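Text of upload.txt, listed as compact mmCIF, N, CA and C atoms:
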# COMPACT_ATOMS: atom_id res chain seq x y z
N GLN A 3 0.84 -1.18 0.00
CA GLN A 3 0.00 0.00 0.00
C GLN A 3 0.89 1.24 0.00
N LEU A 4 0.52 2.20 -0.87
CA LEU A 4 1.32 3.41 -0.98
C LEU A 4 1.15 4.28 0.26
N ARG A 5 2.26 4.76 0.76
CA ARG A 5 2.25 5.63 1.94
C ARG A 5 3.27 6.73 1.73
N LEU A 6 2.87 7.96 2.11
CA LEU A 6 3.76 9.12 1.99
C LEU A 6 3.92 9.76 3.36
N VAL A 7 5.16 10.11 3.70
CA VAL A 7 5.44 10.75 4.97
C VAL A 7 6.34 11.95 4.73
N GLU A 8 5.82 13.13 5.07
CA GLU A 8 6.60 14.37 4.93
C GLU A 8 7.39 14.64 6.20
N SER A 9 8.50 15.34 6.02
CA SER A 9 9.30 15.81 7.15
C SER A 9 10.10 17.02 6.70
N GLY A 10 10.68 17.72 7.66
CA GLY A 10 11.57 18.82 7.35
C GLY A 10 10.99 20.21 7.56
N GLY A 11 9.73 20.29 7.92
CA GLY A 11 9.16 21.60 8.17
C GLY A 11 9.69 22.23 9.45
N GLY A 12 9.34 23.48 9.66
CA GLY A 12 9.79 24.16 10.87
C GLY A 12 9.60 25.65 10.76
N LEU A 13 10.19 26.34 11.73
CA LEU A 13 10.16 27.80 11.78
C LEU A 13 11.46 28.33 11.19
N VAL A 14 11.35 29.23 10.23
CA VAL A 14 12.54 29.79 9.60
C VAL A 14 12.33 31.28 9.37
N GLN A 15 13.37 32.06 9.55
CA GLN A 15 13.28 33.51 9.36
C GLN A 15 13.17 33.85 7.87
N PRO A 16 12.56 34.98 7.55
CA PRO A 16 12.50 35.41 6.14
C PRO A 16 13.88 35.41 5.51
N GLY A 17 13.94 34.90 4.29
CA GLY A 17 15.20 34.79 3.58
C GLY A 17 15.92 33.48 3.83
N GLY A 18 15.43 32.69 4.75
CA GLY A 18 16.07 31.43 5.09
C GLY A 18 15.68 30.30 4.15
N SER A 19 16.16 29.11 4.49
CA SER A 19 15.96 27.94 3.63
C SER A 19 15.50 26.75 4.46
N LEU A 20 14.78 25.87 3.79
CA LEU A 20 14.37 24.59 4.37
C LEU A 20 14.35 23.56 3.25
N ARG A 21 14.54 22.30 3.62
CA ARG A 21 14.34 21.22 2.66
C ARG A 21 13.32 20.24 3.22
N LEU A 22 12.23 20.11 2.49
CA LEU A 22 11.20 19.15 2.86
C LEU A 22 11.48 17.82 2.18
N SER A 23 11.15 16.75 2.89
CA SER A 23 11.31 15.41 2.34
C SER A 23 9.96 14.71 2.30
N CYS A 24 9.78 13.89 1.29
CA CYS A 24 8.58 13.07 1.16
C CYS A 24 9.05 11.64 0.91
N LEU A 25 8.96 10.82 1.94
CA LEU A 25 9.36 9.41 1.82
C LEU A 25 8.15 8.62 1.34
N VAL A 26 8.33 7.93 0.23
CA VAL A 26 7.24 7.15 -0.36
C VAL A 26 7.54 5.67 -0.18
N SER A 27 6.60 4.93 0.35
CA SER A 27 6.79 3.50 0.54
C SER A 27 5.62 2.74 -0.07
N GLY A 28 5.88 1.49 -0.40
CA GLY A 28 4.83 0.62 -0.90
C GLY A 28 4.73 0.53 -2.40
N VAL A 29 5.41 1.41 -3.13
CA VAL A 29 5.37 1.39 -4.59
C VAL A 29 6.74 1.75 -5.14
N ASN A 30 6.94 1.40 -6.39
CA ASN A 30 8.12 1.85 -7.12
C ASN A 30 7.76 3.17 -7.80
N LEU A 31 8.61 4.17 -7.59
CA LEU A 31 8.29 5.51 -8.09
C LEU A 31 8.50 5.70 -9.59
N ASP A 32 8.93 4.66 -10.28
CA ASP A 32 9.26 4.82 -11.70
C ASP A 32 8.11 5.39 -12.52
N TYR A 33 6.88 5.05 -12.14
CA TYR A 33 5.72 5.48 -12.92
C TYR A 33 4.76 6.27 -12.05
N TYR A 34 5.32 7.25 -11.36
CA TYR A 34 4.50 8.10 -10.51
C TYR A 34 4.88 9.56 -10.69
N ALA A 35 3.89 10.39 -10.50
CA ALA A 35 4.10 11.83 -10.32
C ALA A 35 3.96 12.12 -8.84
N ILE A 36 4.87 12.96 -8.34
CA ILE A 36 4.81 13.40 -6.94
C ILE A 36 4.63 14.91 -6.94
N GLY A 37 3.60 15.35 -6.28
CA GLY A 37 3.34 16.78 -6.19
C GLY A 37 3.51 17.28 -4.76
N TRP A 38 3.92 18.53 -4.66
CA TRP A 38 3.93 19.24 -3.38
C TRP A 38 2.83 20.29 -3.42
N PHE A 39 2.03 20.31 -2.39
CA PHE A 39 0.94 21.25 -2.25
C PHE A 39 1.09 21.97 -0.92
N ARG A 40 0.41 23.09 -0.78
CA ARG A 40 0.41 23.78 0.50
C ARG A 40 -0.96 24.38 0.76
N GLN A 41 -1.25 24.52 2.04
CA GLN A 41 -2.53 25.12 2.44
C GLN A 41 -2.29 26.03 3.62
N ALA A 42 -2.56 27.30 3.40
CA ALA A 42 -2.47 28.29 4.46
C ALA A 42 -3.83 28.42 5.13
N PRO A 43 -3.86 28.90 6.38
CA PRO A 43 -5.14 29.04 7.08
C PRO A 43 -6.13 29.89 6.28
N GLY A 44 -7.34 29.36 6.12
CA GLY A 44 -8.38 30.09 5.42
C GLY A 44 -8.27 30.10 3.91
N LYS A 45 -7.30 29.37 3.39
CA LYS A 45 -7.11 29.36 1.93
C LYS A 45 -7.25 27.94 1.39
N GLU A 46 -7.47 27.86 0.09
CA GLU A 46 -7.56 26.56 -0.55
C GLU A 46 -6.16 25.95 -0.72
N ARG A 47 -6.14 24.65 -0.81
CA ARG A 47 -4.87 23.96 -1.06
C ARG A 47 -4.43 24.27 -2.49
N GLU A 48 -3.15 24.62 -2.65
CA GLU A 48 -2.64 24.97 -3.97
C GLU A 48 -1.44 24.11 -4.34
N GLY A 49 -1.30 23.90 -5.63
CA GLY A 49 -0.15 23.16 -6.13
C GLY A 49 1.09 24.03 -6.14
N VAL A 50 2.18 23.54 -5.58
CA VAL A 50 3.43 24.28 -5.49
C VAL A 50 4.43 23.78 -6.53
N SER A 51 4.60 22.47 -6.58
CA SER A 51 5.59 21.89 -7.49
C SER A 51 5.23 20.44 -7.75
N CYS A 52 5.81 19.91 -8.80
CA CYS A 52 5.50 18.53 -9.19
C CYS A 52 6.67 17.97 -9.97
N ILE A 53 6.91 16.67 -9.82
CA ILE A 53 7.94 16.01 -10.60
C ILE A 53 7.39 14.67 -11.08
N SER A 54 7.64 14.39 -12.34
CA SER A 54 7.20 13.13 -12.93
C SER A 54 8.40 12.24 -13.18
N ASN A 55 8.39 11.08 -12.56
CA ASN A 55 9.46 10.12 -12.80
C ASN A 55 9.26 9.39 -14.12
N SER A 56 8.08 9.54 -14.71
CA SER A 56 7.77 8.87 -15.97
C SER A 56 8.35 9.60 -17.16
N ASP A 57 8.15 10.91 -17.20
CA ASP A 57 8.64 11.64 -18.38
C ASP A 57 9.63 12.74 -18.02
N GLY A 58 10.00 12.84 -16.75
CA GLY A 58 11.03 13.80 -16.35
C GLY A 58 10.57 15.23 -16.22
N SER A 59 9.29 15.50 -16.41
CA SER A 59 8.82 16.88 -16.36
C SER A 59 8.73 17.38 -14.93
N THR A 60 8.85 18.69 -14.80
CA THR A 60 8.69 19.34 -13.51
C THR A 60 7.80 20.56 -13.68
N TYR A 61 7.22 20.98 -12.56
CA TYR A 61 6.34 22.14 -12.57
C TYR A 61 6.57 22.93 -11.30
N TYR A 62 6.50 24.26 -11.43
CA TYR A 62 6.55 25.16 -10.27
C TYR A 62 5.48 26.22 -10.47
N THR A 63 4.75 26.52 -9.42
CA THR A 63 3.85 27.65 -9.50
C THR A 63 4.66 28.94 -9.56
N ASP A 64 4.10 29.96 -10.16
CA ASP A 64 4.88 31.17 -10.43
C ASP A 64 5.51 31.78 -9.18
N SER A 65 4.81 31.71 -8.06
CA SER A 65 5.28 32.40 -6.86
C SER A 65 6.52 31.75 -6.24
N VAL A 66 6.88 30.54 -6.68
CA VAL A 66 8.05 29.87 -6.09
C VAL A 66 9.16 29.64 -7.11
N LYS A 67 8.91 29.98 -8.36
CA LYS A 67 9.95 29.78 -9.38
C LYS A 67 11.20 30.53 -8.98
N ASP A 68 12.34 29.95 -9.22
CA ASP A 68 13.67 30.50 -8.90
C ASP A 68 13.96 30.49 -7.40
N ARG A 69 13.03 30.01 -6.58
CA ARG A 69 13.29 29.90 -5.13
C ARG A 69 13.21 28.46 -4.64
N PHE A 70 12.33 27.66 -5.26
CA PHE A 70 12.13 26.27 -4.83
C PHE A 70 12.68 25.34 -5.90
N ASN A 71 13.15 24.18 -5.47
CA ASN A 71 13.63 23.16 -6.39
C ASN A 71 13.12 21.79 -5.94
N ILE A 72 12.55 21.04 -6.88
CA ILE A 72 12.07 19.70 -6.58
C ILE A 72 13.03 18.69 -7.17
N SER A 73 13.29 17.63 -6.42
CA SER A 73 14.20 16.59 -6.89
C SER A 73 13.75 15.24 -6.34
N ILE A 74 14.25 14.19 -6.94
CA ILE A 74 13.86 12.84 -6.52
C ILE A 74 15.10 11.97 -6.39
N ASP A 75 15.16 11.21 -5.31
CA ASP A 75 16.22 10.24 -5.09
C ASP A 75 15.56 8.86 -5.17
N ASN A 76 15.69 8.24 -6.32
CA ASN A 76 15.00 6.97 -6.52
C ASN A 76 15.54 5.87 -5.61
N ALA A 77 16.82 5.94 -5.27
CA ALA A 77 17.40 4.93 -4.40
C ALA A 77 16.78 4.98 -3.00
N LYS A 78 16.35 6.17 -2.60
CA LYS A 78 15.76 6.33 -1.28
C LYS A 78 14.24 6.46 -1.33
N ASN A 79 13.68 6.39 -2.54
CA ASN A 79 12.23 6.57 -2.70
C ASN A 79 11.74 7.85 -2.02
N THR A 80 12.52 8.90 -2.20
CA THR A 80 12.24 10.16 -1.51
C THR A 80 12.24 11.31 -2.51
N VAL A 81 11.27 12.19 -2.35
CA VAL A 81 11.19 13.42 -3.15
C VAL A 81 11.46 14.59 -2.22
N TYR A 82 12.28 15.51 -2.68
CA TYR A 82 12.66 16.66 -1.87
C TYR A 82 12.09 17.94 -2.47
N LEU A 83 11.78 18.88 -1.61
CA LEU A 83 11.45 20.24 -2.03
C LEU A 83 12.40 21.17 -1.28
N SER A 84 13.38 21.68 -2.00
CA SER A 84 14.34 22.61 -1.41
C SER A 84 13.81 24.02 -1.59
N MET A 85 13.66 24.71 -0.49
CA MET A 85 13.06 26.04 -0.49
C MET A 85 14.07 27.07 0.01
N SER A 86 14.24 28.13 -0.74
CA SER A 86 15.16 29.19 -0.33
C SER A 86 14.46 30.53 -0.45
N SER A 87 15.11 31.56 0.08
CA SER A 87 14.54 32.92 0.07
C SER A 87 13.10 32.90 0.54
N LEU A 88 12.87 32.21 1.63
CA LEU A 88 11.49 32.03 2.11
C LEU A 88 10.89 33.36 2.56
N LYS A 89 9.58 33.47 2.32
CA LYS A 89 8.83 34.67 2.62
C LYS A 89 7.68 34.33 3.58
N PRO A 90 7.16 35.31 4.29
CA PRO A 90 6.01 35.03 5.17
C PRO A 90 4.84 34.39 4.43
N GLU A 91 4.66 34.75 3.18
CA GLU A 91 3.54 34.18 2.41
C GLU A 91 3.75 32.72 2.04
N ASP A 92 4.92 32.17 2.33
CA ASP A 92 5.16 30.74 2.13
C ASP A 92 4.67 29.92 3.33
N THR A 93 4.25 30.60 4.39
CA THR A 93 3.75 29.90 5.56
C THR A 93 2.52 29.08 5.23
N ALA A 94 2.57 27.80 5.56
CA ALA A 94 1.46 26.89 5.23
C ALA A 94 1.82 25.49 5.73
N VAL A 95 0.84 24.61 5.69
CA VAL A 95 1.11 23.19 5.83
C VAL A 95 1.40 22.66 4.43
N TYR A 96 2.53 21.97 4.31
CA TYR A 96 2.96 21.44 3.03
C TYR A 96 2.69 19.94 2.99
N TYR A 97 2.07 19.51 1.89
CA TYR A 97 1.71 18.12 1.70
C TYR A 97 2.38 17.58 0.44
N CYS A 98 2.78 16.33 0.46
CA CYS A 98 3.14 15.68 -0.78
C CYS A 98 2.05 14.68 -1.15
N ALA A 99 1.93 14.44 -2.44
CA ALA A 99 0.88 13.57 -2.95
C ALA A 99 1.41 12.81 -4.16
N ALA A 100 0.82 11.65 -4.43
CA ALA A 100 1.30 10.80 -5.51
C ALA A 100 0.15 10.34 -6.39
N GLU A 101 0.47 10.18 -7.67
CA GLU A 101 -0.48 9.60 -8.60
C GLU A 101 0.28 8.86 -9.68
N SER A 102 -0.24 7.71 -10.08
CA SER A 102 0.46 6.89 -11.06
C SER A 102 0.31 7.46 -12.47
N GLU A 103 1.34 7.23 -13.29
CA GLU A 103 1.35 7.63 -14.69
C GLU A 103 1.82 6.45 -15.54
N PRO A 104 1.49 6.33 -16.79
CA PRO A 104 0.39 6.95 -17.54
C PRO A 104 -0.94 6.35 -17.15
N PRO A 105 -2.07 6.60 -17.85
CA PRO A 105 -2.13 7.25 -19.15
C PRO A 105 -2.07 8.76 -19.10
N PHE A 106 -2.30 9.34 -17.95
CA PHE A 106 -2.22 10.80 -17.85
C PHE A 106 -0.91 11.19 -17.18
N TYR A 107 -0.43 12.36 -17.52
CA TYR A 107 0.79 12.91 -16.96
C TYR A 107 0.45 14.22 -16.28
N TYR A 108 0.98 14.43 -15.08
CA TYR A 108 0.44 15.45 -14.21
C TYR A 108 1.33 16.65 -13.95
N CYS A 109 2.56 16.66 -14.45
CA CYS A 109 3.51 17.67 -14.01
C CYS A 109 3.94 18.67 -15.08
N SER A 110 3.23 18.76 -16.17
CA SER A 110 3.68 19.64 -17.25
C SER A 110 3.03 21.01 -17.20
N ALA A 111 1.99 21.14 -16.42
CA ALA A 111 1.29 22.43 -16.34
C ALA A 111 0.76 22.57 -14.91
N ASP A 112 -0.22 23.41 -14.72
CA ASP A 112 -0.78 23.57 -13.37
C ASP A 112 -1.16 22.22 -12.77
N VAL A 113 -0.95 22.08 -11.48
CA VAL A 113 -1.31 20.83 -10.80
C VAL A 113 -2.45 21.12 -9.83
N TYR A 114 -3.36 20.17 -9.74
CA TYR A 114 -4.54 20.33 -8.91
C TYR A 114 -4.66 19.21 -7.90
N PRO A 115 -5.03 19.54 -6.67
CA PRO A 115 -5.11 18.48 -5.64
C PRO A 115 -6.01 17.32 -6.05
N GLY A 116 -7.06 17.59 -6.77
CA GLY A 116 -8.01 16.54 -7.12
C GLY A 116 -7.46 15.48 -8.05
N TRP A 117 -6.31 15.76 -8.67
CA TRP A 117 -5.70 14.79 -9.56
C TRP A 117 -4.93 13.70 -8.80
N PHE A 118 -4.62 13.94 -7.56
CA PHE A 118 -3.73 13.05 -6.82
C PHE A 118 -4.52 12.26 -5.78
N GLY A 119 -4.31 10.96 -5.78
CA GLY A 119 -5.13 10.10 -4.93
C GLY A 119 -4.53 9.71 -3.60
N SER A 120 -3.23 9.88 -3.44
CA SER A 120 -2.57 9.47 -2.20
C SER A 120 -1.84 10.66 -1.59
N TRP A 121 -2.00 10.84 -0.29
CA TRP A 121 -1.50 12.03 0.39
C TRP A 121 -0.78 11.69 1.68
N GLY A 122 0.19 12.53 2.00
CA GLY A 122 0.82 12.47 3.30
C GLY A 122 0.05 13.29 4.31
N GLN A 123 0.59 13.34 5.54
CA GLN A 123 -0.12 14.00 6.63
C GLN A 123 0.20 15.49 6.72
N GLY A 124 1.23 15.92 6.03
CA GLY A 124 1.60 17.34 6.01
C GLY A 124 2.67 17.70 7.01
N THR A 125 3.39 18.77 6.70
CA THR A 125 4.40 19.31 7.60
C THR A 125 4.30 20.83 7.58
N GLN A 126 4.36 21.44 8.75
CA GLN A 126 4.15 22.89 8.88
C GLN A 126 5.43 23.65 8.56
N VAL A 127 5.29 24.67 7.74
CA VAL A 127 6.37 25.61 7.48
C VAL A 127 5.88 26.99 7.92
N THR A 128 6.65 27.64 8.78
CA THR A 128 6.27 28.95 9.29
C THR A 128 7.41 29.93 9.05
N VAL A 129 7.07 31.02 8.36
CA VAL A 129 8.02 32.09 8.11
C VAL A 129 7.40 33.36 8.71
N PRO A 130 7.86 33.82 9.85
CA PRO A 130 7.21 34.96 10.51
C PRO A 130 7.45 36.26 9.76
N SER A 131 6.49 37.15 9.89
CA SER A 131 6.63 38.46 9.24
C SER A 131 7.31 39.46 10.14
What is this structure when it is put down as structure tokens?
Amino acid sequence: QLRLVESGGGLVQPGGSLRLSCLVSGVNLDYYAIGWFRQAPGKEREGVSCISNSDGSTYYTDSVKDRFNISIDNAKNTVYLSMSSLKPEDTAVYYCAAESEPPFYYCSADVYPGWFGSWGQGTQVTVPS
């Protein structure tokens, strides 16, 4: 059974960095897309980044481009989200999610929570203003 566990969140000052990890167990990631999403209080969950192990595509929402980097370590079945130049507006609970590919591929354009069927429990990232 597929299971995702996030870690690496915490409190960081503006301009600082964090690396989130998403450990995936129960499946081989070769044919999966892994997305990172976040949800701030009172806001809808939004897609932040995505990586497809099937076709190598990646996606970043505009607000994190040039600040966040997504990567995958297949040997460790772990997907990372490296975040730098963090801002107060990055404060949210961050979730990773997985969906198998093909026939559809999920990481070439905007990513939506409803496309992903398996979710982790989330990790809090707080950047004080």
What's around Gly28 in chain A at 9 Å? Count only C-alpha atoms, leave out sequence neighbours fewer than 2 positions away in its own chain, and write the answer as a PDB file with N, CA and C atoms, in the frame of the given file.
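Okay, result_27.pdb is ready:
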ATOM      1  N   GLN A   3       0.840  -1.180   0.000  1.00  0.00           N
ATOM      2  CA  GLN A   3       0.000   0.000   0.000  1.00  0.00           C
ATOM      3  C   GLN A   3       0.890   1.240   0.000  1.00  0.00           C
ATOM      4  N   LEU A   4       0.520   2.200  -0.870  1.00  0.00           N
ATOM      5  CA  LEU A   4       1.320   3.410  -0.980  1.00  0.00           C
ATOM      6  C   LEU A   4       1.150   4.280   0.260  1.00  0.00           C
ATOM      7  N   ARG A   5       2.260   4.760   0.760  1.00  0.00           N
ATOM      8  CA  ARG A   5       2.250   5.630   1.940  1.00  0.00           C
ATOM      9  C   ARG A   5       3.270   6.730   1.730  1.00  0.00           C
ATOM     10  N   VAL A  26       8.330   7.930   0.230  1.00  0.00           N
ATOM     11  CA  VAL A  26       7.240   7.150  -0.360  1.00  0.00           C
ATOM     12  C   VAL A  26       7.540   5.670  -0.180  1.00  0.00           C
ATOM     13  N   ASN A  30       6.940   1.400  -6.390  1.00  0.00           N
ATOM     14  CA  ASN A  30       8.120   1.850  -7.120  1.00  0.00           C
ATOM     15  C   ASN A  30       7.760   3.170  -7.800  1.00  0.00           C
TER      16      ASN A  30
END
Tell me which protein, DNA and RNA residues are within 6.5 Å of range 53-59 of chain A, counting all atoms listed in the file, leaving out same-chain ones fewer than 3 positions away, and put them as an mmCIF file with N, CA and C atoms, in the frame of the given file.
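Output (selection.cif):
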data_model
loop_
_atom_site.group_PDB
_atom_site.id
_atom_site.type_symbol
_atom_site.label_atom_id
_atom_site.label_comp_id
_atom_site.auth_asym_id
_atom_site.auth_seq_id
_atom_site.Cartn_x
_atom_site.Cartn_y
_atom_site.Cartn_z
ATOM 1 N N LEU A 31 8.610 4.170 -7.590
ATOM 2 C CA LEU A 31 8.290 5.510 -8.090
ATOM 3 C C LEU A 31 8.500 5.700 -9.590
ATOM 4 N N ASP A 32 8.930 4.660 -10.280
ATOM 5 C CA ASP A 32 9.260 4.820 -11.700
ATOM 6 C C ASP A 32 8.110 5.390 -12.520
ATOM 7 N N TYR A 33 6.880 5.050 -12.140
ATOM 8 C CA TYR A 33 5.720 5.480 -12.920
ATOM 9 C C TYR A 33 4.760 6.270 -12.050
ATOM 10 N N TYR A 34 5.320 7.250 -11.360
ATOM 11 C CA TYR A 34 4.500 8.100 -10.510
ATOM 12 C C TYR A 34 4.880 9.560 -10.690
ATOM 13 N N ALA A 35 3.890 10.390 -10.500
ATOM 14 C CA ALA A 35 4.100 11.830 -10.320
ATOM 15 C C ALA A 35 3.960 12.120 -8.840
ATOM 16 N N ILE A 36 4.870 12.960 -8.340
ATOM 17 C CA ILE A 36 4.810 13.400 -6.940
ATOM 18 C C ILE A 36 4.630 14.910 -6.940
ATOM 19 N N GLY A 37 3.600 15.350 -6.280
ATOM 20 C CA GLY A 37 3.340 16.780 -6.190
ATOM 21 C C GLY A 37 3.510 17.280 -4.760
ATOM 22 N N TRP A 38 3.920 18.530 -4.660
ATOM 23 C CA TRP A 38 3.930 19.240 -3.380
ATOM 24 C C TRP A 38 2.830 20.290 -3.420
ATOM 25 N N GLU A 103 1.340 7.230 -13.290
ATOM 26 C CA GLU A 103 1.350 7.630 -14.690
ATOM 27 C C GLU A 103 1.820 6.450 -15.540
ATOM 28 N N CYS A 109 2.560 16.660 -14.450
ATOM 29 C CA CYS A 109 3.510 17.670 -14.010
ATOM 30 C C CYS A 109 3.940 18.670 -15.080
ATOM 31 N N SER A 110 3.230 18.760 -16.170
ATOM 32 C CA SER A 110 3.680 19.640 -17.250
ATOM 33 C C SER A 110 3.030 21.010 -17.200
#
Practice item. Please report, as a PyMOL selection string, each residue of range 33-119 of chain A to which DSSP assigns strand (DSSP E) when run on this structure's backbone. Key: chain A and resi 34-41+48-54+60-62+70-75+80-85+94-102
Review point. Using only N, CA and C atoms, which residue out of A:Ile72, A:Val14, A:Leu22, A:Val66 lies closest to Cys52 in chain A?
Key: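 Closest to Cys52 in chain A of all the choices is A:Ile72.
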Practice item. Work out how far apart atom N of Glu91 in chain A and atom N of Thr128 in chain A are and give it in Å to one decimal. Key: 9.3 Å
Practice item. Using all atoms listed in the file, determine which residues lie at most 7 Å from Val113 in chain A, disregarding the query and same-chain residues fewer than 5 positions distant; provide the list as a PyMOL selection string. Key: chain A and resi 48-50+108
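The spacing separating CA of Gly11 in chain A from CA of Glu101 in chain A amounts to 22.8 Å.
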Practice item. Using all atoms listed in the file, pick whichever of A:Ala111, A:Leu83, A:Val95, A:Leu88 has the shortest atom-to-atom distance to Ala42 in chain A. Key: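 Using all atoms listed in the file, Ala42 in chain A sits closest to A:Val95.
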Box dimensions and centre (Å, one decimal) enclosing range 39-49 of chain A, axis-aligned, 3 Å extra per side, as JSON:
{"center_x": -3.2, "center_y": 25.2, "center_z": 0.5, "size_x": 16.4, "size_y": 15.8, "size_z": 19.2}
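Between Ser102 in chain A and the candidates A:Phe70, A:Gly119, A:Gly10, A:Gln126, the tightest atom-to-atom separation, counting all atoms listed in the file, involves A:Gly119.
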Point to revise | Point-to-point distance from atom N of Thr63 in chain A to atom C of Val7 in chain A, Å rounded to tenths | key: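 Interatomic distance, atom N of Thr63 in chain A to atom C of Val7 in chain A: 20.4 Å.
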**Study point:** Counting only N, CA and C atoms, the option among A:Ser131, A:Ala100, A:Thr93, A:Ser65 closest to Phe118 in chain A
**Key:** A:Ala100
Exercise for review: May I have the residues within 10 Å of Asp75 in chain A as a PyMOL selection string, using only C-alpha atoms and disregarding those fewer than 5 positions away in the same chain?
Suggested key: chain A and resi 25+31+80-82
Point to revise | Selected residue, from A:Ser51, A:Ser27, A:Ser120, A:Ser19, that lies nearest to Cys98 in chain A when counting all atoms listed in the file | key: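 Looking at the shortest contact to Cys98 in chain A, the residue is A:Ser120.
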Check your understanding: Which residues come within 6.5 Å of Ser87 in chain A, counting only N, CA and C atoms, excluding same-chain residues fewer than 5 positions away, as a PyMOL selection string?
Key -> chain A and resi 16-19+69
Writer output for current selection, N, CA and C atoms, as a PDB file, keeping the file's coordinate frame:
ATOM      1  N   PRO A  16      12.560  34.980   7.550  1.00  0.00           N
ATOM      2  CA  PRO A  16      12.500  35.410   6.140  1.00  0.00           C
ATOM      3  C   PRO A  16      13.880  35.410   5.510  1.00  0.00           C
ATOM      4  N   GLY A  17      13.940  34.900   4.290  1.00  0.00           N
ATOM      5  CA  GLY A  17      15.200  34.790   3.580  1.00  0.00           C
ATOM      6  C   GLY A  17      15.920  33.480   3.830  1.00  0.00           C
ATOM      7  N   GLY A  18      15.430  32.690   4.750  1.00  0.00           N
ATOM      8  CA  GLY A  18      16.070  31.430   5.090  1.00  0.00           C
ATOM      9  C   GLY A  18      15.680  30.300   4.150  1.00  0.00           C
ATOM     10  N   SER A  19      16.160  29.110   4.490  1.00  0.00           N
ATOM     11  CA  SER A  19      15.960  27.940   3.630  1.00  0.00           C
ATOM     12  C   SER A  19      15.500  26.750   4.460  1.00  0.00           C
ATOM     13  N   ARG A  69      13.030  30.010  -6.580  1.00  0.00           N
ATOM     14  CA  ARG A  69      13.290  29.900  -5.130  1.00  0.00           C
ATOM     15  C   ARG A  69      13.210  28.460  -4.640  1.00  0.00           C
TER      16      ARG A  69
END
Exercise for review: Any chance you could list, as a list in words, the residues in range 11-124 of chain A that come up helix (DSSP H, G or I) when DSSP is run on the backbone?
Suggested key: Leu31, Asp32, Tyr33, Asp64, Ser65, Val66, Pro90, Glu91, Asp92, Pro115, Gly116 and Trp117 of chain A
Go ahead and save the residues from that selection, with N, CA and C atoms, as a compact mmCIF listing (two decimals), in the frame of the given file.
# COMPACT_ATOMS: atom_id res chain seq x y z
N LEU A 31 8.61 4.17 -7.59
CA LEU A 31 8.29 5.51 -8.09
C LEU A 31 8.50 5.70 -9.59
N ASP A 32 8.93 4.66 -10.28
CA ASP A 32 9.26 4.82 -11.70
C ASP A 32 8.11 5.39 -12.52
N TYR A 33 6.88 5.05 -12.14
CA TYR A 33 5.72 5.48 -12.92
C TYR A 33 4.76 6.27 -12.05
N ASP A 64 4.10 29.96 -10.16
CA ASP A 64 4.88 31.17 -10.43
C ASP A 64 5.51 31.78 -9.18
N SER A 65 4.81 31.71 -8.06
CA SER A 65 5.28 32.40 -6.86
C SER A 65 6.52 31.75 -6.24
N VAL A 66 6.88 30.54 -6.68
CA VAL A 66 8.05 29.87 -6.09
C VAL A 66 9.16 29.64 -7.11
N PRO A 90 7.16 35.31 4.29
CA PRO A 90 6.01 35.03 5.17
C PRO A 90 4.84 34.39 4.43
N GLU A 91 4.66 34.75 3.18
CA GLU A 91 3.54 34.18 2.41
C GLU A 91 3.75 32.72 2.04
N ASP A 92 4.92 32.17 2.33
CA ASP A 92 5.16 30.74 2.13
C ASP A 92 4.67 29.92 3.33
N PRO A 115 -5.03 19.54 -6.67
CA PRO A 115 -5.11 18.48 -5.64
C PRO A 115 -6.01 17.32 -6.05
N GLY A 116 -7.06 17.59 -6.77
CA GLY A 116 -8.01 16.54 -7.12
C GLY A 116 -7.46 15.48 -8.05
N TRP A 117 -6.31 15.76 -8.67
CA TRP A 117 -5.70 14.79 -9.56
C TRP A 117 -4.93 13.70 -8.80
